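Report on one structure; see the data block that follows.
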Amino acid sequence: MSTDAGARLRVAIMTDEVGWHTTRLQHALRARGCAGRCVDLAACRFDTTWAWHGLVIPGFGRDLPDAALVRGIAGGTFEQVTARLGILHALRELGVPVYNDARAIERSVDKSMTSFLLHLAGIPTPAVWAGESAAAARRVALRAHNASTSVVLKPLFGSQGEGLRRLGKVDATHVELPDLADYGGYAYLQRFVDSAQHPGFDWRVLVIGGKPVTAMRRVSEHWIHNVAQGARCEPTPLSGATAQAGEIAAQAAAALGLDYAGVDLLPPTGTSATPQVIEVNGVAAWRGLQSVTTFDIASLLVDDLLTRKFAASGRPARSVA
């Protein structure tokens, strides 16, 4: 990219929460001679009288950011979330590189669409049943019980292991479907994969620019392995069995069109010879992973944004030191 000492590349860090992650990203951007400004998508708006492009992005005046890096999107009403994603869609239409862009985020935040796209791409992932029918969901749970297995009920848009419940046969007990009103009137059921390991674990693989770059084991006495639910992080090299997990994680990120992704996989079991993808996170946190990784993850994200995503956009660069 060309360099102009009179102007710096300005990157909007889209986030609803300023803290550890945004600070790391700003430091990484400064190290590359760029400026990173935190922007809450809830504060952005459409205004066709403001500037030729019709957007108002706080902190950028009548200009547009040179690129946008999505770190977080606040929850809200259907209308509010749609409008926030609309800002990201609009930036892409205006030629601004968005990392990850709205379409990829929409695919990854909706677990049923994630499962559908993984299945379509032939990526190993547990079977899923999803729909609005409580009766159909009960039949799935009953079949699981009769087969001495279980399924996991997950909030469609949930994260960090919150709201997960096992249904079917659990510890010799028949666990029935709860009121779906607590799950937005929608049942997303994923086949439970029992690990032969104790304590159990899964892998979190970080994919950046189509490549697996680092991984960890999330170890827990409970069947839920999210760090937010108390799992501990253990460093894991991307070699041996984990190398296969890294390859599958990269395929999963590509299937959803993600620039970067945190992919959660279960290790091979008696019923599966390969790791299985259980979650793909399009706005992935990496604080736990950074604690067991020797290089700076934020720097890799910024490098991929600037050297691959920005270059592919064809936008003229102001300055990249």
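Ordering of the structure tokens sets the chain letters (A, B, ...), residue numbers begin anew at 1 in every chain, and ligands are numbered from 1 in the order given.
Within the 8 Å cut-off around stretch 279-287 of chain A, using only C-alpha atoms and omitting residues fewer than 5 positions from it on the same chain, the listed residues are A:Trp20, A:His21, A:Val70, A:Arg71, A:Gly72, A:Asn100, A:Ala104, A:Ile105, A:Ser108, A:Val109, A:Lys111, A:Thr114, A:Ala252, A:Ala253, A:Leu258, A:Tyr260, A:Ala261, A:Gly262, A:Val263, A:Asp264, A:Leu265, A:Ile297.
Residues in contact with A:Pro58 at 10 Å, where only C-alpha atoms are counted and same-chain residues fewer than 3 positions away are skipped, are listed as Ala12, Arg37, Cys38, Val39, Asp40, Leu41, Ala43, Cys44, Arg45, Leu55, Gly61, Arg62, Asp63 and Leu64 of chain A.
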Deliver the residues from the most recent selection as a file, using C-alpha atoms, as a PDB file, in the first residue's frame.
ATOM      1  CA  ALA A  12     -13.732   2.055  13.108  1.00  0.00           C
ATOM      2  CA  ARG A  37     -11.672   4.627  17.016  1.00  0.00           C
ATOM      3  CA  CYS A  38     -14.317   2.732  18.986  1.00  0.00           C
ATOM      4  CA  VAL A  39     -17.822   3.216  17.593  1.00  0.00           C
ATOM      5  CA  ASP A  40     -21.084   1.834  18.966  1.00  0.00           C
ATOM      6  CA  LEU A  41     -23.312   0.723  16.098  1.00  0.00           C
ATOM      7  CA  ALA A  43     -24.977   5.433  17.836  1.00  0.00           C
ATOM      8  CA  CYS A  44     -24.698   5.232  14.041  1.00  0.00           C
ATOM      9  CA  ARG A  45     -27.603   6.231  11.840  1.00  0.00           C
ATOM     10  CA  LEU A  55     -24.437   7.564   6.870  1.00  0.00           C
ATOM     11  CA  GLY A  61     -17.542  13.685  10.727  1.00  0.00           C
ATOM     12  CA  ARG A  62     -18.937  13.625   7.201  1.00  0.00           C
ATOM     13  CA  ASP A  63     -16.342  11.073   6.131  1.00  0.00           C
ATOM     14  CA  LEU A  64     -16.399   7.304   6.175  1.00  0.00           C
TER      15      LEU A  64
END
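With atom CA of A:Ala74 on one side and atom CA of A:Asp16 on the other, the separation reads 5.5 Å.
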Q: Name the residues in contact with stretch 243-251 of chain A at a cut-off of 10 Å, using only C-alpha atoms, excluding same-chain residues fewer than 6 positions from it; report them as a PyMOL selection string.
A: chain A and resi 118+121-124+203-215+236-237+257-258+260-268+274-277+279-280
Q | Test item: residues at most 10 Å from A:Val175, only C-alpha atoms, excluding those fewer than 4 positions along its chain, as a PyMOL selection string | A | chain A and resi 141-142+145+150+165-171
Output all heavy atoms for every residue in the selection just made, as a PDB file, in the first residue's frame.
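out05.pdb, freshly written:
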ATOM      1  N   ALA A 141     -36.694 -35.052  21.574  1.00  0.00           N
ATOM      2  CA  ALA A 141     -36.179 -35.355  22.915  1.00  0.00           C
ATOM      3  C   ALA A 141     -36.606 -36.745  23.360  1.00  0.00           C
ATOM      4  O   ALA A 141     -35.828 -37.471  23.997  1.00  0.00           O
ATOM      5  CB  ALA A 141     -36.661 -34.306  23.906  1.00  0.00           C
ATOM      6  N   LEU A 142     -37.840 -37.140  23.022  1.00  0.00           N
ATOM      7  CA  LEU A 142     -38.327 -38.469  23.408  1.00  0.00           C
ATOM      8  C   LEU A 142     -37.559 -39.556  22.669  1.00  0.00           C
ATOM      9  O   LEU A 142     -37.189 -40.583  23.266  1.00  0.00           O
ATOM     10  CB  LEU A 142     -39.827 -38.575  23.116  1.00  0.00           C
ATOM     11  CG  LEU A 142     -40.491 -39.911  23.489  1.00  0.00           C
ATOM     12  CD1 LEU A 142     -40.336 -40.190  24.983  1.00  0.00           C
ATOM     13  CD2 LEU A 142     -41.968 -39.907  23.086  1.00  0.00           C
ATOM     14  N   HIS A 145     -34.312 -39.976  24.345  1.00  0.00           N
ATOM     15  CA  HIS A 145     -34.445 -40.721  25.597  1.00  0.00           C
ATOM     16  C   HIS A 145     -34.580 -42.210  25.328  1.00  0.00           C
ATOM     17  O   HIS A 145     -33.945 -43.041  25.992  1.00  0.00           O
ATOM     18  CB  HIS A 145     -35.654 -40.220  26.381  1.00  0.00           C
ATOM     19  CG  HIS A 145     -35.924 -41.029  27.614  1.00  0.00           C
ATOM     20  ND1 HIS A 145     -36.834 -42.075  27.624  1.00  0.00           N
ATOM     21  CD2 HIS A 145     -35.392 -40.979  28.859  1.00  0.00           C
ATOM     22  CE1 HIS A 145     -36.857 -42.617  28.826  1.00  0.00           C
ATOM     23  NE2 HIS A 145     -35.998 -41.968  29.592  1.00  0.00           N
ATOM     24  N   SER A 150     -29.117 -38.061  24.480  1.00  0.00           N
ATOM     25  CA  SER A 150     -29.719 -36.766  24.788  1.00  0.00           C
ATOM     26  C   SER A 150     -29.396 -35.769  23.690  1.00  0.00           C
ATOM     27  O   SER A 150     -28.541 -36.007  22.827  1.00  0.00           O
ATOM     28  CB  SER A 150     -29.229 -36.240  26.145  1.00  0.00           C
ATOM     29  OG  SER A 150     -27.826 -36.067  26.148  1.00  0.00           O
ATOM     30  N   ARG A 165     -29.311 -26.566  27.867  1.00  0.00           N
ATOM     31  CA  ARG A 165     -29.964 -27.607  28.659  1.00  0.00           C
ATOM     32  C   ARG A 165     -29.943 -28.908  27.890  1.00  0.00           C
ATOM     33  O   ARG A 165     -30.186 -28.930  26.682  1.00  0.00           O
ATOM     34  CB  ARG A 165     -31.412 -27.226  28.978  1.00  0.00           C
ATOM     35  CG  ARG A 165     -31.548 -26.043  29.911  1.00  0.00           C
ATOM     36  CD  ARG A 165     -32.969 -25.859  30.376  1.00  0.00           C
ATOM     37  NE  ARG A 165     -33.485 -27.030  31.089  1.00  0.00           N
ATOM     38  CZ  ARG A 165     -34.669 -27.065  31.701  1.00  0.00           C
ATOM     39  NH1 ARG A 165     -35.466 -26.008  31.657  1.00  0.00           N
ATOM     40  NH2 ARG A 165     -35.072 -28.139  32.341  1.00  0.00           N
ATOM     41  N   ARG A 166     -29.640 -29.978  28.602  1.00  0.00           N
ATOM     42  CA  ARG A 166     -29.711 -31.307  27.983  1.00  0.00           C
ATOM     43  C   ARG A 166     -31.111 -31.887  28.168  1.00  0.00           C
ATOM     44  O   ARG A 166     -31.691 -31.810  29.251  1.00  0.00           O
ATOM     45  CB  ARG A 166     -28.666 -32.237  28.581  1.00  0.00           C
ATOM     46  CG  ARG A 166     -27.273 -32.013  28.046  1.00  0.00           C
ATOM     47  CD  ARG A 166     -26.260 -32.927  28.712  1.00  0.00           C
ATOM     48  NE  ARG A 166     -26.557 -34.339  28.505  1.00  0.00           N
ATOM     49  CZ  ARG A 166     -25.926 -35.342  29.125  1.00  0.00           C
ATOM     50  NH1 ARG A 166     -24.984 -35.073  30.011  1.00  0.00           N
ATOM     51  NH2 ARG A 166     -26.241 -36.588  28.881  1.00  0.00           N
ATOM     52  N   LEU A 167     -31.640 -32.479  27.098  1.00  0.00           N
ATOM     53  CA  LEU A 167     -32.956 -33.114  27.106  1.00  0.00           C
ATOM     54  C   LEU A 167     -32.800 -34.568  26.669  1.00  0.00           C
ATOM     55  O   LEU A 167     -31.847 -34.923  25.982  1.00  0.00           O
ATOM     56  CB  LEU A 167     -33.911 -32.396  26.151  1.00  0.00           C
ATOM     57  CG  LEU A 167     -33.990 -30.869  26.234  1.00  0.00           C
ATOM     58  CD1 LEU A 167     -34.924 -30.339  25.151  1.00  0.00           C
ATOM     59  CD2 LEU A 167     -34.457 -30.432  27.614  1.00  0.00           C
ATOM     60  N   GLY A 168     -33.774 -35.381  27.037  1.00  0.00           N
ATOM     61  CA  GLY A 168     -33.707 -36.803  26.717  1.00  0.00           C
ATOM     62  C   GLY A 168     -33.279 -37.568  27.951  1.00  0.00           C
ATOM     63  O   GLY A 168     -33.712 -37.257  29.063  1.00  0.00           O
ATOM     64  N   LYS A 169     -32.415 -38.551  27.788  1.00  0.00           N
ATOM     65  CA  LYS A 169     -31.959 -39.326  28.935  1.00  0.00           C
ATOM     66  C   LYS A 169     -30.679 -38.709  29.481  1.00  0.00           C
ATOM     67  O   LYS A 169     -29.625 -38.743  28.834  1.00  0.00           O
ATOM     68  CB  LYS A 169     -31.713 -40.777  28.548  1.00  0.00           C
ATOM     69  CG  LYS A 169     -31.520 -41.688  29.759  1.00  0.00           C
ATOM     70  CD  LYS A 169     -31.609 -43.158  29.385  1.00  0.00           C
ATOM     71  CE  LYS A 169     -31.585 -44.030  30.623  1.00  0.00           C
ATOM     72  NZ  LYS A 169     -31.713 -45.464  30.276  1.00  0.00           N
ATOM     73  N   VAL A 170     -30.780 -38.140  30.678  1.00  0.00           N
ATOM     74  CA  VAL A 170     -29.655 -37.463  31.315  1.00  0.00           C
ATOM     75  C   VAL A 170     -29.513 -38.017  32.723  1.00  0.00           C
ATOM     76  O   VAL A 170     -30.401 -37.858  33.559  1.00  0.00           O
ATOM     77  CB  VAL A 170     -29.861 -35.930  31.364  1.00  0.00           C
ATOM     78  CG1 VAL A 170     -28.640 -35.256  31.974  1.00  0.00           C
ATOM     79  CG2 VAL A 170     -30.152 -35.375  29.978  1.00  0.00           C
ATOM     80  N   ASP A 171     -28.393 -38.694  32.981  1.00  0.00           N
ATOM     81  CA  ASP A 171     -28.163 -39.298  34.308  1.00  0.00           C
ATOM     82  C   ASP A 171     -29.346 -40.162  34.729  1.00  0.00           C
ATOM     83  O   ASP A 171     -29.865 -40.054  35.848  1.00  0.00           O
ATOM     84  CB  ASP A 171     -27.903 -38.211  35.358  1.00  0.00           C
ATOM     85  CG  ASP A 171     -26.669 -37.403  35.044  1.00  0.00           C
ATOM     86  OD1 ASP A 171     -25.731 -37.956  34.444  1.00  0.00           O
ATOM     87  OD2 ASP A 171     -26.641 -36.203  35.378  1.00  0.00           O
TER      88      ASP A 171
END
Q) Which neighbours of A:Lys309 fall inside 9 Å, counting only C-alpha atoms, when residues of the same chain fewer than 2 positions from it are skipped, and could you give them as a list in words? A) Pro97, Val98, Tyr99, Gly209, Asp259, Asp304, Leu305, Leu306, Thr307, Ala311, Ala312 and Ser313 of chain A
Writing out the chosen residues with N, CA and C atoms as a PDB file, in the first residue's frame:
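The result, written out as result-v1.pdb:
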ATOM      1  N   PRO A  97     -14.120  -1.846   3.588  1.00  0.00           N
ATOM      2  CA  PRO A  97     -13.886  -3.207   4.060  1.00  0.00           C
ATOM      3  C   PRO A  97     -14.434  -3.380   5.480  1.00  0.00           C
ATOM      4  N   VAL A  98     -15.292  -4.373   5.670  1.00  0.00           N
ATOM      5  CA  VAL A  98     -15.876  -4.661   6.987  1.00  0.00           C
ATOM      6  C   VAL A  98     -15.426  -6.059   7.392  1.00  0.00           C
ATOM      7  N   TYR A  99     -14.892  -6.190   8.592  1.00  0.00           N
ATOM      8  CA  TYR A  99     -14.179  -7.379   9.051  1.00  0.00           C
ATOM      9  C   TYR A  99     -14.717  -7.767  10.437  1.00  0.00           C
ATOM     10  N   GLY A 209      -8.037 -15.114   8.344  1.00  0.00           N
ATOM     11  CA  GLY A 209      -7.694 -15.089   6.926  1.00  0.00           C
ATOM     12  C   GLY A 209      -7.661 -16.459   6.286  1.00  0.00           C
ATOM     13  N   ASP A 259     -14.009 -13.729   7.876  1.00  0.00           N
ATOM     14  CA  ASP A 259     -12.606 -13.331   7.827  1.00  0.00           C
ATOM     15  C   ASP A 259     -11.846 -13.904   9.015  1.00  0.00           C
ATOM     16  N   ASP A 304      -4.131  -9.001   9.087  1.00  0.00           N
ATOM     17  CA  ASP A 304      -4.980  -9.620   8.066  1.00  0.00           C
ATOM     18  C   ASP A 304      -5.962  -8.605   7.489  1.00  0.00           C
ATOM     19  N   LEU A 305      -6.493  -7.749   8.339  1.00  0.00           N
ATOM     20  CA  LEU A 305      -7.398  -6.700   7.860  1.00  0.00           C
ATOM     21  C   LEU A 305      -6.685  -5.795   6.855  1.00  0.00           C
ATOM     22  N   LEU A 306      -5.467  -5.375   7.184  1.00  0.00           N
ATOM     23  CA  LEU A 306      -4.772  -4.394   6.362  1.00  0.00           C
ATOM     24  C   LEU A 306      -4.147  -4.999   5.115  1.00  0.00           C
ATOM     25  N   THR A 307      -3.571  -6.183   5.241  1.00  0.00           N
ATOM     26  CA  THR A 307      -2.815  -6.740   4.118  1.00  0.00           C
ATOM     27  C   THR A 307      -3.661  -7.595   3.190  1.00  0.00           C
ATOM     28  N   ALA A 311      -6.586  -4.654   1.084  1.00  0.00           N
ATOM     29  CA  ALA A 311      -6.003  -4.705  -0.248  1.00  0.00           C
ATOM     30  C   ALA A 311      -7.000  -5.243  -1.270  1.00  0.00           C
ATOM     31  N   ALA A 312      -7.805  -6.257  -0.864  1.00  0.00           N
ATOM     32  CA  ALA A 312      -8.775  -6.848  -1.781  1.00  0.00           C
ATOM     33  C   ALA A 312      -9.909  -5.891  -2.103  1.00  0.00           C
ATOM     34  N   SER A 313     -10.147  -4.886  -1.236  1.00  0.00           N
ATOM     35  CA  SER A 313     -11.255  -3.957  -1.456  1.00  0.00           C
ATOM     36  C   SER A 313     -10.981  -2.987  -2.592  1.00  0.00           C
TER      37      SER A 313
END
Q | In stretch 68-222 of chain A, DSSP strand (DSSP E) residues written as a ChimeraX atom specification | A | /A:68-70,98-99,128-131,150-154,165-170,173-175,187-191,200-208,211-220
For those residues, write C-alpha atoms to a file as a PDB file, in the first residue's frame.
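Printed below is part-v9.pdb as written:
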ATOM      1  CA  ALA A  68     -14.394  -1.311  10.007  1.00  0.00           C
ATOM      2  CA  LEU A  69     -13.462  -4.105  12.408  1.00  0.00           C
ATOM      3  CA  VAL A  70     -16.482  -5.603  14.152  1.00  0.00           C
ATOM      4  CA  VAL A  98     -15.876  -4.661   6.987  1.00  0.00           C
ATOM      5  CA  TYR A  99     -14.179  -7.379   9.051  1.00  0.00           C
ATOM      6  CA  VAL A 128     -29.450 -30.643  14.491  1.00  0.00           C
ATOM      7  CA  TRP A 129     -33.235 -30.225  14.669  1.00  0.00           C
ATOM      8  CA  ALA A 130     -34.527 -26.655  14.704  1.00  0.00           C
ATOM      9  CA  GLY A 131     -37.959 -25.082  14.373  1.00  0.00           C
ATOM     10  CA  SER A 150     -29.719 -36.766  24.788  1.00  0.00           C
ATOM     11  CA  VAL A 151     -29.851 -33.536  22.819  1.00  0.00           C
ATOM     12  CA  VAL A 152     -28.789 -30.033  23.819  1.00  0.00           C
ATOM     13  CA  LEU A 153     -31.309 -27.194  23.699  1.00  0.00           C
ATOM     14  CA  LYS A 154     -29.547 -23.911  22.901  1.00  0.00           C
ATOM     15  CA  ARG A 165     -29.964 -27.607  28.659  1.00  0.00           C
ATOM     16  CA  ARG A 166     -29.711 -31.307  27.983  1.00  0.00           C
ATOM     17  CA  LEU A 167     -32.956 -33.114  27.106  1.00  0.00           C
ATOM     18  CA  GLY A 168     -33.707 -36.803  26.717  1.00  0.00           C
ATOM     19  CA  LYS A 169     -31.959 -39.326  28.935  1.00  0.00           C
ATOM     20  CA  VAL A 170     -29.655 -37.463  31.315  1.00  0.00           C
ATOM     21  CA  THR A 173     -33.569 -39.258  34.189  1.00  0.00           C
ATOM     22  CA  HIS A 174     -36.014 -38.289  31.469  1.00  0.00           C
ATOM     23  CA  VAL A 175     -35.563 -34.531  30.992  1.00  0.00           C
ATOM     24  CA  ALA A 187     -36.152 -24.860  19.600  1.00  0.00           C
ATOM     25  CA  TYR A 188     -32.600 -25.442  18.405  1.00  0.00           C
ATOM     26  CA  LEU A 189     -31.607 -28.971  19.370  1.00  0.00           C
ATOM     27  CA  GLN A 190     -28.132 -30.387  18.775  1.00  0.00           C
ATOM     28  CA  ARG A 191     -27.222 -34.031  19.325  1.00  0.00           C
ATOM     29  CA  GLY A 200     -13.975 -33.450  29.355  1.00  0.00           C
ATOM     30  CA  PHE A 201     -12.709 -30.841  26.934  1.00  0.00           C
ATOM     31  CA  ASP A 202     -13.264 -29.282  23.570  1.00  0.00           C
ATOM     32  CA  TRP A 203     -11.011 -27.276  21.278  1.00  0.00           C
ATOM     33  CA  ARG A 204     -11.262 -23.601  20.448  1.00  0.00           C
ATOM     34  CA  VAL A 205      -9.428 -22.873  17.205  1.00  0.00           C
ATOM     35  CA  LEU A 206      -8.914 -19.319  16.000  1.00  0.00           C
ATOM     36  CA  VAL A 207      -9.031 -18.938  12.226  1.00  0.00           C
ATOM     37  CA  ILE A 208      -7.701 -15.721  10.658  1.00  0.00           C
ATOM     38  CA  LYS A 211      -5.855 -20.227   8.275  1.00  0.00           C
ATOM     39  CA  PRO A 212      -5.914 -21.777  11.758  1.00  0.00           C
ATOM     40  CA  VAL A 213      -3.413 -19.730  13.762  1.00  0.00           C
ATOM     41  CA  THR A 214      -3.736 -20.905  17.378  1.00  0.00           C
ATOM     42  CA  ALA A 215      -5.801 -23.220  19.538  1.00  0.00           C
ATOM     43  CA  MET A 216      -6.502 -24.220  23.114  1.00  0.00           C
ATOM     44  CA  ARG A 217      -8.246 -26.944  25.046  1.00  0.00           C
ATOM     45  CA  ARG A 218     -11.148 -25.815  27.210  1.00  0.00           C
ATOM     46  CA  VAL A 219     -11.243 -28.282  30.083  1.00  0.00           C
ATOM     47  CA  SER A 220     -14.144 -28.657  32.495  1.00  0.00           C
TER      48      SER A 220
END
Q: Based on DSSP run over this structure's backbone, return all residues of stretch 216-312 of chain A in alpha helix (DSSP H), as number ranges by chain.
A: A: 241-256, 287-290, 297-304, 310-312
Just to be explicit: take each residue in the selection above, keep N, CA and C atoms, and write the result as a PDB file, in the first residue's frame.
ATOM      1  N   ALA A 241      -3.643 -34.598  16.370  1.00  0.00           N
ATOM      2  CA  ALA A 241      -5.100 -34.596  16.244  1.00  0.00           C
ATOM      3  C   ALA A 241      -5.643 -33.181  16.126  1.00  0.00           C
ATOM      4  N   THR A 242      -4.959 -32.227  16.774  1.00  0.00           N
ATOM      5  CA  THR A 242      -5.437 -30.853  16.711  1.00  0.00           C
ATOM      6  C   THR A 242      -5.209 -30.232  15.339  1.00  0.00           C
ATOM      7  N   ALA A 243      -4.232 -30.750  14.577  1.00  0.00           N
ATOM      8  CA  ALA A 243      -4.016 -30.259  13.214  1.00  0.00           C
ATOM      9  C   ALA A 243      -5.249 -30.521  12.364  1.00  0.00           C
ATOM     10  N   GLN A 244      -5.860 -31.686  12.536  1.00  0.00           N
ATOM     11  CA  GLN A 244      -7.087 -31.988  11.807  1.00  0.00           C
ATOM     12  C   GLN A 244      -8.208 -31.059  12.248  1.00  0.00           C
ATOM     13  N   ALA A 245      -8.270 -30.790  13.547  1.00  0.00           N
ATOM     14  CA  ALA A 245      -9.269 -29.846  14.049  1.00  0.00           C
ATOM     15  C   ALA A 245      -9.065 -28.471  13.421  1.00  0.00           C
ATOM     16  N   GLY A 246      -7.805 -28.055  13.254  1.00  0.00           N
ATOM     17  CA  GLY A 246      -7.517 -26.768  12.627  1.00  0.00           C
ATOM     18  C   GLY A 246      -7.977 -26.721  11.183  1.00  0.00           C
ATOM     19  N   GLU A 247      -7.758 -27.798  10.457  1.00  0.00           N
ATOM     20  CA  GLU A 247      -8.195 -27.852   9.056  1.00  0.00           C
ATOM     21  C   GLU A 247      -9.719 -27.761   8.956  1.00  0.00           C
ATOM     22  N   ILE A 248     -10.405 -28.489   9.821  1.00  0.00           N
ATOM     23  CA  ILE A 248     -11.870 -28.470   9.799  1.00  0.00           C
ATOM     24  C   ILE A 248     -12.388 -27.098  10.218  1.00  0.00           C
ATOM     25  N   ALA A 249     -11.716 -26.472  11.193  1.00  0.00           N
ATOM     26  CA  ALA A 249     -12.117 -25.128  11.627  1.00  0.00           C
ATOM     27  C   ALA A 249     -12.003 -24.135  10.479  1.00  0.00           C
ATOM     28  N   ALA A 250     -10.928 -24.226   9.702  1.00  0.00           N
ATOM     29  CA  ALA A 250     -10.755 -23.331   8.560  1.00  0.00           C
ATOM     30  C   ALA A 250     -11.855 -23.553   7.528  1.00  0.00           C
ATOM     31  N   GLN A 251     -12.237 -24.797   7.312  1.00  0.00           N
ATOM     32  CA  GLN A 251     -13.322 -25.102   6.384  1.00  0.00           C
ATOM     33  C   GLN A 251     -14.641 -24.518   6.886  1.00  0.00           C
ATOM     34  N   ALA A 252     -14.863 -24.589   8.200  1.00  0.00           N
ATOM     35  CA  ALA A 252     -16.099 -24.044   8.780  1.00  0.00           C
ATOM     36  C   ALA A 252     -16.160 -22.538   8.610  1.00  0.00           C
ATOM     37  N   ALA A 253     -15.046 -21.849   8.861  1.00  0.00           N
ATOM     38  CA  ALA A 253     -15.016 -20.399   8.690  1.00  0.00           C
ATOM     39  C   ALA A 253     -15.278 -20.026   7.236  1.00  0.00           C
ATOM     40  N   ALA A 254     -14.710 -20.779   6.303  1.00  0.00           N
ATOM     41  CA  ALA A 254     -14.919 -20.506   4.883  1.00  0.00           C
ATOM     42  C   ALA A 254     -16.371 -20.737   4.483  1.00  0.00           C
ATOM     43  N   ALA A 255     -17.000 -21.765   5.057  1.00  0.00           N
ATOM     44  CA  ALA A 255     -18.392 -22.066   4.712  1.00  0.00           C
ATOM     45  C   ALA A 255     -19.321 -20.929   5.105  1.00  0.00           C
ATOM     46  N   LEU A 256     -18.955 -20.177   6.142  1.00  0.00           N
ATOM     47  CA  LEU A 256     -19.777 -19.060   6.599  1.00  0.00           C
ATOM     48  C   LEU A 256     -19.282 -17.720   6.069  1.00  0.00           C
ATOM     49  N   ARG A 287      -9.673 -13.450  24.753  1.00  0.00           N
ATOM     50  CA  ARG A 287      -8.869 -13.181  25.957  1.00  0.00           C
ATOM     51  C   ARG A 287      -8.354 -14.479  26.584  1.00  0.00           C
ATOM     52  N   GLY A 288      -9.222 -15.478  26.690  1.00  0.00           N
ATOM     53  CA  GLY A 288      -8.779 -16.760  27.222  1.00  0.00           C
ATOM     54  C   GLY A 288      -7.725 -17.399  26.338  1.00  0.00           C
ATOM     55  N   LEU A 289      -7.927 -17.342  25.036  1.00  0.00           N
ATOM     56  CA  LEU A 289      -6.966 -17.919  24.099  1.00  0.00           C
ATOM     57  C   LEU A 289      -5.635 -17.182  24.150  1.00  0.00           C
ATOM     58  N   GLN A 290      -5.680 -15.850  24.322  1.00  0.00           N
ATOM     59  CA  GLN A 290      -4.435 -15.080  24.411  1.00  0.00           C
ATOM     60  C   GLN A 290      -3.603 -15.506  25.615  1.00  0.00           C
ATOM     61  N   ILE A 297      -2.535 -11.841  19.371  1.00  0.00           N
ATOM     62  CA  ILE A 297      -3.631 -12.170  18.457  1.00  0.00           C
ATOM     63  C   ILE A 297      -4.181 -10.915  17.787  1.00  0.00           C
ATOM     64  N   ALA A 298      -4.302  -9.820  18.537  1.00  0.00           N
ATOM     65  CA  ALA A 298      -4.816  -8.575  17.957  1.00  0.00           C
ATOM     66  C   ALA A 298      -3.956  -8.126  16.780  1.00  0.00           C
ATOM     67  N   SER A 299      -2.646  -8.300  16.880  1.00  0.00           N
ATOM     68  CA  SER A 299      -1.756  -7.905  15.784  1.00  0.00           C
ATOM     69  C   SER A 299      -2.021  -8.732  14.540  1.00  0.00           C
ATOM     70  N   LEU A 300      -2.286 -10.025  14.708  1.00  0.00           N
ATOM     71  CA  LEU A 300      -2.601 -10.866  13.556  1.00  0.00           C
ATOM     72  C   LEU A 300      -3.907 -10.443  12.902  1.00  0.00           C
ATOM     73  N   LEU A 301      -4.908 -10.104  13.714  1.00  0.00           N
ATOM     74  CA  LEU A 301      -6.178  -9.640  13.168  1.00  0.00           C
ATOM     75  C   LEU A 301      -5.990  -8.354  12.367  1.00  0.00           C
ATOM     76  N   VAL A 302      -5.248  -7.413  12.935  1.00  0.00           N
ATOM     77  CA  VAL A 302      -5.019  -6.143  12.253  1.00  0.00           C
ATOM     78  C   VAL A 302      -4.205  -6.357  10.984  1.00  0.00           C
ATOM     79  N   ASP A 303      -3.176  -7.203  11.037  1.00  0.00           N
ATOM     80  CA  ASP A 303      -2.376  -7.475   9.845  1.00  0.00           C
ATOM     81  C   ASP A 303      -3.239  -8.068   8.735  1.00  0.00           C
ATOM     82  N   ASP A 304      -4.131  -9.001   9.087  1.00  0.00           N
ATOM     83  CA  ASP A 304      -4.980  -9.620   8.066  1.00  0.00           C
ATOM     84  C   ASP A 304      -5.962  -8.605   7.489  1.00  0.00           C
ATOM     85  N   PHE A 310      -8.214  -5.245   3.283  1.00  0.00           N
ATOM     86  CA  PHE A 310      -8.179  -3.885   2.750  1.00  0.00           C
ATOM     87  C   PHE A 310      -7.628  -3.878   1.325  1.00  0.00           C
ATOM     88  N   ALA A 311      -6.586  -4.654   1.084  1.00  0.00           N
ATOM     89  CA  ALA A 311      -6.003  -4.705  -0.248  1.00  0.00           C
ATOM     90  C   ALA A 311      -7.000  -5.243  -1.270  1.00  0.00           C
ATOM     91  N   ALA A 312      -7.805  -6.257  -0.864  1.00  0.00           N
ATOM     92  CA  ALA A 312      -8.775  -6.848  -1.781  1.00  0.00           C
ATOM     93  C   ALA A 312      -9.909  -5.891  -2.103  1.00  0.00           C
TER      94      ALA A 312
END
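Of the listed residues (A:Thr269, A:Ser133, A:Gln229, A:Thr125), A:Thr269 comes nearest to A:Ser195; the distances count only C-alpha atoms.
Minimum atom-to-atom distance to A:Phe46, evaluated using only C-alpha atoms, belongs to A:Ala90 out of A:Cys34, A:Ala90, A:Val11, A:Leu180.
Nearest to A:Arg8 of all the residues A:Val56, A:Asp66, A:Ala42, A:Glu234 is A:Asp66, counting only C-alpha atoms.
We find atom CA of A:Gly95 and atom CA of A:Pro65 to be spaced 10.5 Å apart.
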